[in-house]
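Data block for data.cif (mmCIF, C-alpha atoms):
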```
data_my_file
loop_
_atom_site.group_PDB
_atom_site.id
_atom_site.type_symbol
_atom_site.label_atom_id
_atom_site.label_comp_id
_atom_site.auth_asym_id
_atom_site.auth_seq_id
_atom_site.Cartn_x
_atom_site.Cartn_y
_atom_site.Cartn_z
ATOM 1 C CA MET A 25 -33.962 -109.326 137.639
ATOM 2 C CA THR A 26 -35.832 -109.419 134.357
ATOM 3 C CA ASP A 27 -38.598 -107.156 133.181
ATOM 4 C CA GLU A 28 -41.580 -107.567 130.892
ATOM 5 C CA GLY A 29 -39.585 -106.941 127.735
ATOM 6 C CA THR A 30 -36.851 -109.463 128.454
ATOM 7 C CA SER A 31 -36.797 -112.520 126.216
ATOM 8 C CA ILE A 32 -36.545 -116.065 127.504
ATOM 9 C CA ASP A 33 -32.921 -117.083 128.082
ATOM 10 C CA ALA A 34 -32.548 -120.838 127.652
ATOM 11 C CA THR A 35 -28.855 -120.696 128.646
ATOM 12 C CA LYS A 36 -29.453 -119.682 132.260
ATOM 13 C CA PRO A 37 -31.465 -121.688 134.810
ATOM 14 C CA SER A 38 -34.744 -120.250 136.015
ATOM 15 C CA ILE A 39 -36.159 -120.859 139.485
ATOM 16 C CA ALA A 40 -39.644 -121.220 137.989
ATOM 17 C CA ARG A 41 -38.505 -123.727 135.366
ATOM 18 C CA VAL A 42 -36.467 -125.805 137.839
ATOM 19 C CA TYR A 43 -39.544 -125.967 140.060
ATOM 20 C CA ASP A 44 -41.626 -126.964 137.036
ATOM 21 C CA TYR A 45 -39.145 -129.766 136.289
ATOM 22 C CA LEU A 46 -39.254 -131.076 139.862
ATOM 23 C CA LEU A 47 -43.063 -131.171 139.646
ATOM 24 C CA GLY A 48 -42.868 -133.228 136.457
ATOM 25 C CA GLY A 49 -43.661 -130.390 134.053
ATOM 26 C CA LYS A 50 -42.341 -129.927 130.528
ATOM 27 C CA ASP A 51 -41.780 -126.158 130.402
ATOM 28 C CA ASN A 52 -38.060 -126.295 131.111
ATOM 29 C CA TYR A 53 -34.717 -126.495 129.342
ATOM 30 C CA ALA A 54 -31.592 -128.610 129.668
ATOM 31 C CA VAL A 55 -29.963 -125.993 131.887
ATOM 32 C CA ASP A 56 -32.935 -126.189 134.281
ATOM 33 C CA ARG A 57 -32.933 -129.980 134.283
ATOM 34 C CA LYS A 58 -29.223 -129.948 135.090
ATOM 35 C CA VAL A 59 -29.931 -127.999 138.286
ATOM 36 C CA GLY A 60 -33.011 -130.099 139.046
ATOM 37 C CA ASP A 61 -30.984 -133.272 138.621
ATOM 38 C CA VAL A 62 -28.579 -132.113 141.320
ATOM 39 C CA PHE A 63 -31.530 -132.183 143.713
ATOM 40 C CA LYS A 64 -32.844 -135.476 142.351
ATOM 41 C CA ARG A 65 -29.433 -137.164 142.454
ATOM 42 C CA ASP A 66 -27.752 -135.709 145.524
ATOM 43 C CA LEU A 67 -30.862 -134.815 147.527
ATOM 44 C CA PRO A 68 -33.322 -137.443 146.302
ATOM 45 C CA GLY A 69 -36.070 -136.625 148.763
ATOM 46 C CA SER A 70 -36.107 -132.942 147.876
ATOM 47 C CA VAL A 71 -38.721 -133.409 145.161
ATOM 48 C CA ALA A 72 -41.176 -134.028 148.004
ATOM 49 C CA ILE A 73 -40.689 -130.371 149.017
ATOM 50 C CA ALA A 74 -42.150 -129.167 145.719
ATOM 51 C CA PHE A 75 -45.165 -131.446 145.933
ATOM 52 C CA ALA A 76 -45.825 -130.705 149.620
ATOM 53 C CA ASN A 77 -45.714 -126.981 148.892
ATOM 54 C CA ARG A 78 -48.060 -127.173 145.920
ATOM 55 C CA ALA A 79 -50.562 -129.276 147.834
ATOM 56 C CA ALA A 80 -50.569 -126.835 150.762
ATOM 57 C CA LEU A 81 -51.182 -123.908 148.400
ATOM 58 C CA THR A 82 -54.140 -125.720 146.842
ATOM 59 C CA ARG A 83 -55.629 -126.434 150.278
ATOM 60 C CA ALA A 84 -55.127 -122.830 151.370
ATOM 61 C CA VAL A 85 -56.888 -121.387 148.326
ATOM 62 C CA ALA A 86 -59.774 -123.828 148.745
ATOM 63 C CA ASP A 87 -60.033 -123.036 152.463
ATOM 64 C CA ILE A 88 -60.070 -119.286 151.847
ATOM 65 C CA ALA A 89 -62.591 -119.483 148.987
ATOM 66 C CA ARG A 90 -64.922 -121.782 150.911
ATOM 67 C CA ASN A 91 -64.786 -120.302 154.393
ATOM 68 C CA THR A 92 -63.849 -116.606 154.402
ATOM 69 C CA GLY A 93 -66.001 -114.973 151.741
ATOM 70 C CA ILE A 94 -62.838 -113.630 150.067
ATOM 71 C CA GLN A 95 -63.119 -113.697 146.285
ATOM 72 C CA GLN A 96 -59.969 -111.878 145.212
ATOM 73 C CA PHE A 97 -56.429 -113.210 145.307
ATOM 74 C CA ILE A 98 -52.958 -111.853 144.579
ATOM 75 C CA ASP A 99 -50.511 -114.694 143.870
ATOM 76 C CA LEU A 100 -47.004 -113.288 144.268
ATOM 77 C CA GLY A 101 -44.281 -115.218 142.460
ATOM 78 C CA SER A 102 -46.833 -117.519 140.885
ATOM 79 C CA GLY A 103 -44.464 -119.615 138.768
ATOM 80 C CA LEU A 104 -45.361 -121.609 135.689
ATOM 81 C CA PRO A 105 -48.982 -122.717 135.296
ATOM 82 C CA THR A 106 -49.669 -126.256 136.461
ATOM 83 C CA ALA A 107 -52.659 -128.331 137.524
ATOM 84 C CA ASP A 108 -55.005 -126.638 139.993
ATOM 85 C CA ASN A 109 -53.807 -123.084 139.579
ATOM 86 C CA VAL A 110 -55.061 -120.521 142.094
ATOM 87 C CA HIS A 111 -57.886 -119.228 139.902
ATOM 88 C CA GLN A 112 -59.072 -122.745 139.083
ATOM 89 C CA VAL A 113 -59.229 -123.777 142.742
ATOM 90 C CA ALA A 114 -60.779 -120.508 143.900
ATOM 91 C CA GLN A 115 -63.408 -120.460 141.154
ATOM 92 C CA ARG A 116 -64.314 -124.058 141.909
ATOM 93 C CA TYR A 117 -65.674 -122.904 145.284
ATOM 94 C CA ALA A 118 -66.405 -119.231 144.565
ATOM 95 C CA PRO A 119 -67.024 -118.818 140.799
ATOM 96 C CA SER A 120 -66.732 -115.023 140.909
ATOM 97 C CA SER A 121 -63.186 -115.127 142.304
ATOM 98 C CA ARG A 122 -60.640 -112.818 140.686
ATOM 99 C CA VAL A 123 -56.910 -113.540 140.639
ATOM 100 C CA VAL A 124 -53.856 -111.435 139.830
ATOM 101 C CA TYR A 125 -50.778 -113.536 139.135
ATOM 102 C CA VAL A 126 -47.413 -111.814 139.592
ATOM 103 C CA ASP A 127 -44.052 -112.976 138.266
ATOM 104 C CA HIS A 128 -41.016 -111.566 136.505
ATOM 105 C CA ASP A 129 -39.885 -114.711 134.663
ATOM 106 C CA PRO A 130 -40.498 -114.186 130.903
ATOM 107 C CA GLN A 131 -41.580 -117.780 130.341
ATOM 108 C CA VAL A 132 -44.070 -117.595 133.200
ATOM 109 C CA LEU A 133 -45.548 -114.474 131.619
ATOM 110 C CA VAL A 134 -45.868 -116.050 128.182
ATOM 111 C CA HIS A 135 -47.465 -119.253 129.438
ATOM 112 C CA GLY A 136 -49.643 -117.514 131.998
ATOM 113 C CA ARG A 137 -51.114 -115.080 129.540
ATOM 114 C CA ALA A 138 -51.763 -117.838 127.008
ATOM 115 C CA LEU A 139 -53.607 -119.852 129.661
ATOM 116 C CA LEU A 140 -55.627 -116.931 130.980
ATOM 117 C CA GLU A 141 -56.385 -114.855 127.892
ATOM 118 C CA ALA A 142 -60.024 -115.988 127.810
ATOM 119 C CA ASP A 143 -60.646 -115.486 131.535
ATOM 120 C CA GLU A 144 -61.817 -111.960 132.341
ATOM 121 C CA ARG A 145 -61.369 -112.567 136.078
ATOM 122 C CA THR A 146 -57.602 -113.116 135.902
ATOM 123 C CA ARG A 147 -54.555 -110.997 135.067
ATOM 124 C CA VAL A 148 -50.829 -111.674 134.820
ATOM 125 C CA VAL A 149 -48.681 -108.773 135.998
ATOM 126 C CA ALA A 150 -45.000 -108.594 135.098
ATOM 127 C CA ALA A 151 -43.257 -107.367 138.234
ATOM 128 C CA ASP A 152 -40.711 -108.261 140.892
ATOM 129 C CA ILE A 153 -42.170 -108.906 144.351
ATOM 130 C CA ARG A 154 -39.371 -106.766 145.776
ATOM 131 C CA THR A 155 -41.061 -103.718 144.206
ATOM 132 C CA PRO A 156 -44.551 -104.178 145.668
ATOM 133 C CA GLU A 157 -45.693 -100.658 144.798
ATOM 134 C CA ALA A 158 -45.300 -101.520 141.093
ATOM 135 C CA ILE A 159 -47.668 -104.445 141.620
ATOM 136 C CA HIS A 160 -50.151 -102.544 143.772
ATOM 137 C CA ASP A 161 -50.316 -99.602 141.352
ATOM 138 C CA HIS A 162 -50.312 -101.649 138.142
ATOM 139 C CA PRO A 163 -53.410 -100.927 136.007
ATOM 140 C CA ASP A 164 -54.316 -104.624 135.810
ATOM 141 C CA THR A 165 -54.163 -104.949 139.579
ATOM 142 C CA ARG A 166 -56.235 -101.833 140.121
ATOM 143 C CA ASP A 167 -58.740 -102.979 137.521
ATOM 144 C CA LEU A 168 -59.295 -106.374 139.098
ATOM 145 C CA ILE A 169 -58.692 -105.947 142.849
ATOM 146 C CA ASP A 170 -60.859 -103.842 145.140
ATOM 147 C CA PHE A 171 -58.603 -102.968 148.059
ATOM 148 C CA ASP A 172 -61.582 -101.758 150.071
ATOM 149 C CA ARG A 173 -62.630 -105.395 150.366
ATOM 150 C CA PRO A 174 -60.626 -108.307 151.862
ATOM 151 C CA VAL A 175 -57.918 -109.820 149.687
ATOM 152 C CA ALA A 176 -56.010 -113.099 149.912
ATOM 153 C CA VAL A 177 -52.295 -112.413 149.450
ATOM 154 C CA MET A 178 -50.384 -115.590 148.593
ATOM 155 C CA PHE A 179 -46.641 -115.894 149.255
ATOM 156 C CA SER A 180 -46.217 -119.484 148.110
ATOM 157 C CA ALA A 181 -42.548 -120.570 148.098
ATOM 158 C CA ILE A 182 -41.350 -117.097 147.166
ATOM 159 C CA LEU A 183 -40.066 -115.257 150.254
ATOM 160 C CA HIS A 184 -37.224 -117.743 150.742
ATOM 161 C CA HIS A 185 -35.870 -116.367 147.438
ATOM 162 C CA VAL A 186 -35.675 -112.902 149.032
ATOM 163 C CA ASN A 187 -32.427 -112.444 150.925
ATOM 164 C CA ASP A 188 -32.387 -110.864 154.384
ATOM 165 C CA ASP A 189 -30.935 -107.572 153.123
ATOM 166 C CA GLU A 190 -33.886 -107.261 150.730
ATOM 167 C CA ASP A 191 -36.292 -107.056 153.681
ATOM 168 C CA PRO A 192 -38.837 -109.840 153.094
ATOM 169 C CA ALA A 193 -40.758 -108.773 156.217
ATOM 170 C CA GLY A 194 -41.057 -105.310 154.719
ATOM 171 C CA ILE A 195 -42.643 -106.771 151.587
ATOM 172 C CA VAL A 196 -45.321 -108.496 153.675
ATOM 173 C CA ARG A 197 -45.799 -105.348 155.735
ATOM 174 C CA TYR A 198 -46.351 -103.292 152.567
ATOM 175 C CA TRP A 199 -49.307 -105.467 151.600
ATOM 176 C CA GLN A 200 -50.572 -105.646 155.168
ATOM 177 C CA GLU A 201 -50.826 -101.858 155.220
ATOM 178 C CA ARG A 202 -52.772 -101.717 151.957
ATOM 179 C CA VAL A 203 -55.415 -104.390 152.315
ATOM 180 C CA SER A 204 -58.582 -104.171 154.376
ATOM 181 C CA ALA A 205 -59.376 -105.937 157.631
ATOM 182 C CA GLY A 206 -60.338 -109.553 157.063
ATOM 183 C CA SER A 207 -57.660 -110.080 154.426
ATOM 184 C CA HIS A 208 -55.696 -113.329 154.627
ATOM 185 C CA PHE A 209 -52.010 -113.990 154.045
ATOM 186 C CA PHE A 210 -50.733 -117.440 153.094
ATOM 187 C CA ILE A 211 -47.037 -118.229 153.318
ATOM 188 C CA SER A 212 -44.994 -121.294 152.520
ATOM 189 C CA HIS A 213 -41.267 -121.169 153.044
ATOM 190 C CA PHE A 214 -38.142 -123.320 153.183
ATOM 191 C CA ARG A 215 -37.789 -124.382 156.809
ATOM 192 C CA SER A 216 -34.396 -124.708 158.429
ATOM 193 C CA GLY A 217 -33.846 -128.211 159.715
ATOM 194 C CA ASP A 218 -30.311 -127.695 161.056
ATOM 195 C CA ASN A 219 -29.264 -130.825 159.209
ATOM 196 C CA PRO A 220 -27.059 -131.792 156.212
ATOM 197 C CA GLN A 221 -30.023 -131.818 153.844
ATOM 198 C CA THR A 222 -30.887 -128.195 154.608
ATOM 199 C CA THR A 223 -27.270 -127.077 154.331
ATOM 200 C CA GLU A 224 -26.699 -128.761 150.986
ATOM 201 C CA ALA A 225 -29.980 -127.622 149.438
ATOM 202 C CA GLU A 226 -29.295 -124.030 150.504
ATOM 203 C CA ARG A 227 -25.765 -124.256 149.068
ATOM 204 C CA VAL A 228 -27.072 -125.440 145.684
ATOM 205 C CA LEU A 229 -29.589 -122.601 145.426
ATOM 206 C CA GLN A 230 -27.102 -119.934 146.494
ATOM 207 C CA LYS A 231 -24.484 -121.235 144.076
ATOM 208 C CA THR A 232 -26.948 -121.372 141.180
ATOM 209 C CA PHE A 233 -29.149 -118.338 141.708
ATOM 210 C CA GLY A 234 -27.364 -116.264 144.336
ATOM 211 C CA ARG A 235 -30.441 -116.555 146.561
ATOM 212 C CA GLY A 236 -32.295 -119.107 148.627
ATOM 213 C CA ARG A 237 -32.616 -118.545 152.372
ATOM 214 C CA TRP A 238 -33.809 -121.248 154.770
ATOM 215 C CA ARG A 239 -35.443 -119.769 157.885
ATOM 216 C CA THR A 240 -36.532 -121.147 161.244
ATOM 217 C CA ASP A 241 -40.187 -121.357 162.253
ATOM 218 C CA GLU A 242 -39.664 -118.261 164.400
ATOM 219 C CA GLU A 243 -38.139 -116.331 161.497
ATOM 220 C CA ILE A 244 -40.989 -117.378 159.206
ATOM 221 C CA GLN A 245 -43.545 -116.312 161.794
ATOM 222 C CA HIS A 246 -41.728 -112.989 162.129
ATOM 223 C CA LEU A 247 -42.529 -112.330 158.452
ATOM 224 C CA LEU A 248 -46.196 -112.230 159.514
ATOM 225 C CA ASP A 249 -45.738 -109.828 162.435
ATOM 226 C CA GLY A 250 -48.805 -107.670 162.969
ATOM 227 C CA LEU A 251 -51.173 -110.312 161.632
ATOM 228 C CA GLU A 252 -53.206 -112.896 163.545
ATOM 229 C CA LEU A 253 -51.623 -116.285 162.915
ATOM 230 C CA LEU A 254 -54.382 -118.838 162.460
ATOM 231 C CA PRO A 255 -54.323 -122.498 163.588
ATOM 232 C CA PRO A 256 -52.300 -124.638 163.335
ATOM 233 C CA GLY A 257 -49.622 -121.924 163.122
ATOM 234 C CA ILE A 258 -46.355 -122.369 161.245
ATOM 235 C CA VAL A 259 -46.027 -126.112 160.659
ATOM 236 C CA PRO A 260 -44.576 -128.447 158.022
ATOM 237 C CA ALA A 261 -46.629 -127.894 154.860
ATOM 238 C CA SER A 262 -47.861 -131.489 154.782
ATOM 239 C CA HIS A 263 -49.319 -130.980 158.272
ATOM 240 C CA TRP A 264 -50.982 -127.686 157.405
ATOM 241 C CA ARG A 265 -54.731 -128.442 157.460
ATOM 242 C CA PRO A 266 -54.299 -131.802 155.705
ATOM 243 C CA GLU A 267 -57.193 -133.572 154.066
ATOM 244 C CA VAL A 268 -57.904 -136.591 156.217
ATOM 245 C CA SER A 269 -58.273 -139.923 154.479
ATOM 246 C CA GLU A 270 -58.264 -143.492 155.708
ATOM 247 C CA ASN A 271 -54.873 -144.761 156.900
ATOM 248 C CA GLN A 272 -53.210 -141.427 156.117
ATOM 249 C CA PHE A 273 -52.436 -140.512 159.716
ATOM 250 C CA SER A 274 -50.603 -142.111 162.573
ATOM 251 C CA GLU A 275 -52.269 -142.741 165.931
ATOM 252 C CA SER A 276 -51.190 -139.259 167.014
ATOM 253 C CA GLY A 277 -53.372 -137.832 164.263
ATOM 254 C CA GLU A 278 -50.495 -136.729 162.038
ATOM 255 C CA ARG A 279 -48.879 -138.716 159.246
ATOM 256 C CA GLU A 280 -45.197 -139.369 159.765
ATOM 257 C CA LEU A 281 -43.188 -137.065 157.496
ATOM 258 C CA THR A 282 -39.895 -137.628 155.754
ATOM 259 C CA VAL A 283 -36.961 -135.372 156.633
ATOM 260 C CA TRP A 284 -37.598 -133.571 153.346
ATOM 261 C CA GLU A 285 -41.239 -132.813 154.073
ATOM 262 C CA HIS A 286 -40.092 -131.114 157.262
ATOM 263 C CA LEU A 287 -38.105 -128.630 155.165
ATOM 264 C CA ILE A 288 -41.105 -126.705 153.815
ATOM 265 C CA ALA A 289 -43.421 -124.908 156.234
ATOM 266 C CA ALA A 290 -46.778 -123.211 155.739
ATOM 267 C CA GLY A 291 -49.033 -120.856 157.635
ATOM 268 C CA LEU A 292 -52.100 -118.650 157.240
ATOM 269 C CA ALA A 293 -52.674 -115.309 158.937
ATOM 270 C CA ARG A 294 -55.447 -112.716 159.005
ATOM 271 C CA LYS A 295 -55.493 -108.944 159.226
ATOM 272 C CA THR A 296 -57.822 -107.999 162.072
#
```
Any chance you could give the structure as structure tokens?
Amino acid sequence: MTDEGTSIDATKPSIARVYDYLLGGKDNYAVDRKVGDVFKRDLPGSVAIAFANRAALTRAVADIARNTGIQQFIDLGSGLPTADNVHQVAQRYAPSSRVVYVDHDPQVLVHGRALLEADERTRVVAADIRTPEAIHDHPDTRDLIDFDRPVAVMFSAILHHVNDDEDPAGIVRYWQERVSAGSHFFISHFRSGDNPQTTEAERVLQKTFGRGRWRTDEEIQHLLDGLELLPPGIVPASHWRPEVSENQFSESGERELTVWEHLIAAGLARKT
């Protein structure tokens, strides 16, 4: 993986830039659009995964900022800045909120720092989530985050890029052991649907990036072992604490989802 001194390589696709392209962003290159177009052409509903994930993250940050008293966030694998970034949502409800963004993609670092240079309550840390101690001990993290007070640790669409032999549960456990009681953990993750769409999407990611692991609801929940899983549990992201509006839901109380929306799950847990 890259480090802080690595320059942007426009000849190789980037997970962050492909995601940006699927969300309709402009911070991507032809090589990223080529990969994104595979999803758009061969898996046309897959773009809904990106939007469902982003919307769930926004709701989670708002929920935490409004209802828990937590005013410090660590966003692991934050990706390229877009509308309603974590600090913008959190500060909307709790103006004193502080946010550390973590990513190793050079373009994410450049754009993130440009966006946040005037905000004293945010930092962008160049690190790989697979080396959590480097994040925890980074001077910017230590300067902004008080680990004696509850923290919101956000794993939005990142742990499915950590292969099984890289111990994603161990990464969550590292943070669990270092934050105080009352801290919250948000996770969104590719959800195995045992169908052709899941198989093909996983194949494309593995072929392109050498990583991309779909997991079952039980496997996703296992990543949060030792934490109290909060309602409604691990569910499709679009059904995770949705904002109710007229005609949005079926008679059962939940809007009918497409097969693609079922392929991204979300959950929130608390350290007791």
Next item on the list: Might you pull out every residue within 12 Å of His246 of chain A, with only C-alpha atoms counted and same-chain residues fewer than 2 positions away left off, and present them as a ChimeraX atom specification?
Entry: /A:191-194,196-197,211,239-244,248-253,257-258,291,293
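Remark: for Gly101 of chain A, the closest of the candidate residues A:Asp167, A:Asp66, A:Asp143, A:Asp152 is A:Asp152 (distances computed over only C-alpha atoms).
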Check: For Arg57 of chain A, which of A:His128, A:Ser70, A:Val42, A:Ile288 is the closest residue, counting all atoms listed in the file?
Finding: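 The shortest atom-to-atom distance to Arg57 of chain A comes from A:Val42.
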Notebook entry, point to check: Leaving out Ile39 of chain A and any residue of its chain fewer than 3 positions from it, which residues lie within 9 Å of it when counting only C-alpha atoms, given as a ChimeraX atom specification?
Noted result: /A:42-44,56,103,129,233
Create the file for the chosen residues now, containing C-alpha atoms and written as an mmCIF file, in the frame of the given file.
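File again_27.cif, as written:
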```cif
data_model
loop_
_atom_site.group_PDB
_atom_site.id
_atom_site.type_symbol
_atom_site.label_atom_id
_atom_site.label_comp_id
_atom_site.auth_asym_id
_atom_site.auth_seq_id
_atom_site.Cartn_x
_atom_site.Cartn_y
_atom_site.Cartn_z
ATOM 1 C CA VAL A 42 -36.467 -125.805 137.839
ATOM 2 C CA TYR A 43 -39.544 -125.967 140.060
ATOM 3 C CA ASP A 44 -41.626 -126.964 137.036
ATOM 4 C CA ASP A 56 -32.935 -126.189 134.281
ATOM 5 C CA GLY A 103 -44.464 -119.615 138.768
ATOM 6 C CA ASP A 129 -39.885 -114.711 134.663
ATOM 7 C CA PHE A 233 -29.149 -118.338 141.708
#
```
Notebook entry, point to check: So which one's closest to Ala40 of chain A, A:Ala54, A:Ala76, A:Glu144, A:Ser102? Using all atoms listed in the file, please.
Noted result: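 Using all atoms listed in the file, the shortest distance to Ala40 of chain A belongs to A:Ser102.
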Next item on the list: To one decimal in Å, tell me the separation between atom CA of Val126 of chain A and atom CA of Gln230 of chain A.
Entry: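 Interatomic distance, atom CA of Val126 of chain A to atom CA of Gln230 of chain A: 22.9 Å.
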Notebook entry, point to check: Of the candidates A:Gly48, A:Pro174, A:Pro266, A:Pro119, which shows the shortest atom-to-atom distance to Ile94 of chain A, using only C-alpha atoms?
Noted result: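 Using only C-alpha atoms, Ile94 of chain A sits closest to A:Pro174.
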Check: Quick one: of A:Asn77, A:Thr282, A:Ser262, A:Thr232, who's nearest to Pro37 of chain A, counting all atoms listed in the file?
Finding: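 Of A:Asn77, A:Thr282, A:Ser262, A:Thr232, the one nearest Pro37 of chain A is A:Thr232, counting all atoms listed in the file.
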Next item on the list: Tell me which residues the PyMOL selection byres ((chain A and resi 156) around 12) grabs here, as number ranges by chain.
Entry: A: 98, 100-101, 126-127, 149-155, 157-162, 165, 177, 191-192, 194-202
